[in-house]
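**Student:** Below you'll find the structure I mean.
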Amino acid sequence: MLKLIKLELERNNLKSYIIGGCLITLSILGLVYLFAAIPHIDPSDPDVGIFLTYNGISALALIILAACFTILASVMYNKLVIAEYTSKKIYLLFSYPIKKERILAAKLITVFAFTVISAIISGIVIFSVFFLSEGLFQLCEDTLTIQVILRVAILLLLSAVISAALATISLWFGYWKKSATVTMVVGVIIASVFGSIASEIFLAQGRMQLVFVSIITIVTVFLAIFLIMRVSKQIKNTDV
């Protein structure tokens with residue numbers, strides 16, 4: 001399996017996706033500082049309370065991060081899976097003396113792992129820069145503690161897994177319709193719906209925040225496994 005994953009990395013240039021991850025990181029970092037500055041810019045804003053705490057700022061940043069990497073993963077699935085299995089490249093893939101499921105598994109693992117690792121690195125950069133700068137010139141009125149940092153770290157890990165798992169929905173729709181456009185559109189829709197639904201959950205206080213986000217993670221992972229099994233079964237039964 002490792003050889004197949006290495007082959008996928010050699011066949012597909014991930015440079016554009018790495019650049020995409022860097023752009024996401026810079027954009028969200030800018031938003032984080034904007035969030036922290038809102039109470040100073042417009043104290044009369046009715047929602048200003050969200051931006052007064054590290055919990056509120058980090059929650060909003062993580063929601064956006066998860067949504068962005070869901071879209072990025074959808075783009076990757078579109079190129080590595082949909083584009084190859086719905087074009088003439090499928091004849092080349094199926095000519096390999098390797099089981100169809102193993103080829104698909106290598107592609108899925110490549111995208112999933114890249115998404116999770118990239119999202120985690122992105123979050124580490126964002127919050128490291130922000131928290132370190134808070135020690136020099138504090139924008140947020142909240143107190144930065146070890147508990148806050150640990151909470152953000154856990155939520156970052158869960159958000160990274162959620163983004164990779166949600167992207168499998170766009171993969172399934174894309175393969176079902178045999179359309180790259182559908183894959184992209186569904187990826188954007190999923191990211192938007194997730195952002196609107198998850199906002200209240202991520203902004204919850206205390207232990208319930210971690211509990212709710214953990215439940216979302218478990219549900220999305222099981223959904224991802226189910227959809228991957230469906231796609232794998234369809235590909236296994238494909239005759240060329």
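Numbering starts fresh at 1 for the residues of each chain in the structure tokens, the chains themselves are lettered A, B, ... in the order given, and ligands are numbered from 1 as they appear.
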Tell me, as a list of chain:residue names, which residues lie within 10 Å of segment 24-26 of chain A, counting only C-alpha atoms; anything in the same chain fewer than 5 positions away does not count.

**Tutor:**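 Near segment 24-26 of chain A, the qualifying residues are A:Ile18, A:Ile19, A:Leu31, A:Val32, A:Ile64, A:Leu65, A:Cys68, A:Phe69, A:Leu72, A:Ser118, A:Ala119, A:Ile121, A:Ser122, A:Gly123, A:Ile124, A:Val125, A:Ile126.
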
**Student:** I want to know what sits within 9 Å of segment 145-159 of chain A, based on only C-alpha atoms, with residues of the same chain fewer than 5 positions away left out; could you give that as a list in words?

**Tutor:**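 The residues satisfying every condition are Tyr54, Asn55, Ser58, Ala59, Leu62, Ile63, Leu65, Ala66, Val116, Ala119, Ile120, Gly123, Ile124, Phe127, Phe131, Ala164, Phe202, Leu210, Val213, Ser214, Ile216 and Thr217 of chain A.
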
**Student:** In Å, rounded to a single decimal, give me how far atom CA of Leu132 of chain A is from atom CA of Ala37 of chain A.

**Tutor:**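 According to the coordinates, atom CA of Ala37 of chain A and atom CA of Leu132 of chain A are separated by 16.0 Å.
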
**Student:** Which is closest to Tyr33 of chain A among A:Tyr17, A:Tyr77, A:Phe137, A:Phe194, if we use only C-alpha atoms?

**Tutor:**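 For Tyr33 of chain A, the nearest of the given residues is A:Phe137.
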
**Student:** Write out as CSV the residues of segment 130-239 of chain A that have any atom within 12 Å of an atom of segment 104-114 of chain A, one row each with the nearest atom pair and its distance in Å to one decimal, counting only C-alpha atoms, sorted by chain and then rising number.

**Tutor:**
residue,atom,partner,partner_atom,distance
A:Ala160,CA,A:Phe112,CA,9.6
A:Val161,CA,A:Phe112,CA,8.3
A:Ile162,CA,A:Phe112,CA,10.3
A:Ser163,CA,A:Phe112,CA,9.1
A:Ala164,CA,A:Phe112,CA,5.4
A:Ala165,CA,A:Phe112,CA,7.5
A:Leu166,CA,A:Phe112,CA,10.3
A:Ala167,CA,A:Phe112,CA,8.8
A:Thr168,CA,A:Leu108,CA,8.9
A:Leu171,CA,A:Leu108,CA,9.8
A:Trp172,CA,A:Leu108,CA,11.9
A:Val221,CA,A:Phe112,CA,11.0
A:Ala224,CA,A:Phe112,CA,10.3
A:Ile225,CA,A:Leu108,CA,10.7
A:Leu227,CA,A:Leu108,CA,11.6
A:Ile228,CA,A:Leu108,CA,8.4
A:Met229,CA,A:Ala105,CA,10.1
A:Arg230,CA,A:Leu104,CA,11.9
A:Val231,CA,A:Leu104,CA,9.1
A:Ser232,CA,A:Leu104,CA,7.1
A:Lys233,CA,A:Leu104,CA,10.6
A:Gln234,CA,A:Leu104,CA,11.2
A:Ile235,CA,A:Leu104,CA,8.4
A:Lys236,CA,A:Leu104,CA,9.5

**Student:** From a DSSP calculation on the backbone, collect every residue of segment 27-232 of chain A in alpha helix (DSSP H) and output the set as a PyMOL selection string.

**Tutor:** chain A and resi 27-41+54-77+83-85+89-93+100-134+146-177+180-202+207-232

**Student:** Give me, please, the distance in Å between atom CA of Ala61 of chain A and atom CA of Phe173 of chain A, quoted to one decimal.

**Tutor:** 27.6 Å

**Student:** So how many Å separate atom CA of Val182 of chain A and atom CA of Asn13 of chain A, to one decimal?

**Tutor:**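 If I compute the distance from atom CA of Val182 of chain A to atom CA of Asn13 of chain A, I get 22.9 Å.
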
**Student:** Taking into account only C-alpha atoms, which residue in the set A:Phe226, A:Glu134, A:Val129, A:Gln209 is nearest to Leu29 of chain A?

**Tutor:**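 Distance minimum relative to Leu29 of chain A lands on A:Val129.
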
**Student:** Here is a test: counting only C-alpha atoms, which residue of A:Leu23, A:Leu34, A:Ile103, A:Val81 is nearest to Lys6 of chain A?

**Tutor:** A:Ile103

**Student:** Of the candidates A:Leu223, A:Cys22, A:Leu52, A:Ile71, which shows the shortest atom-to-atom distance to Ile189 of chain A, using only C-alpha atoms?

**Tutor:** A:Ile71

**Student:** I'd like to know which of A:Arg207, A:Arg102, A:Lys79, A:Lys178 is closest to Arg11 of chain A, using only C-alpha atoms.

**Tutor:** A:Lys79
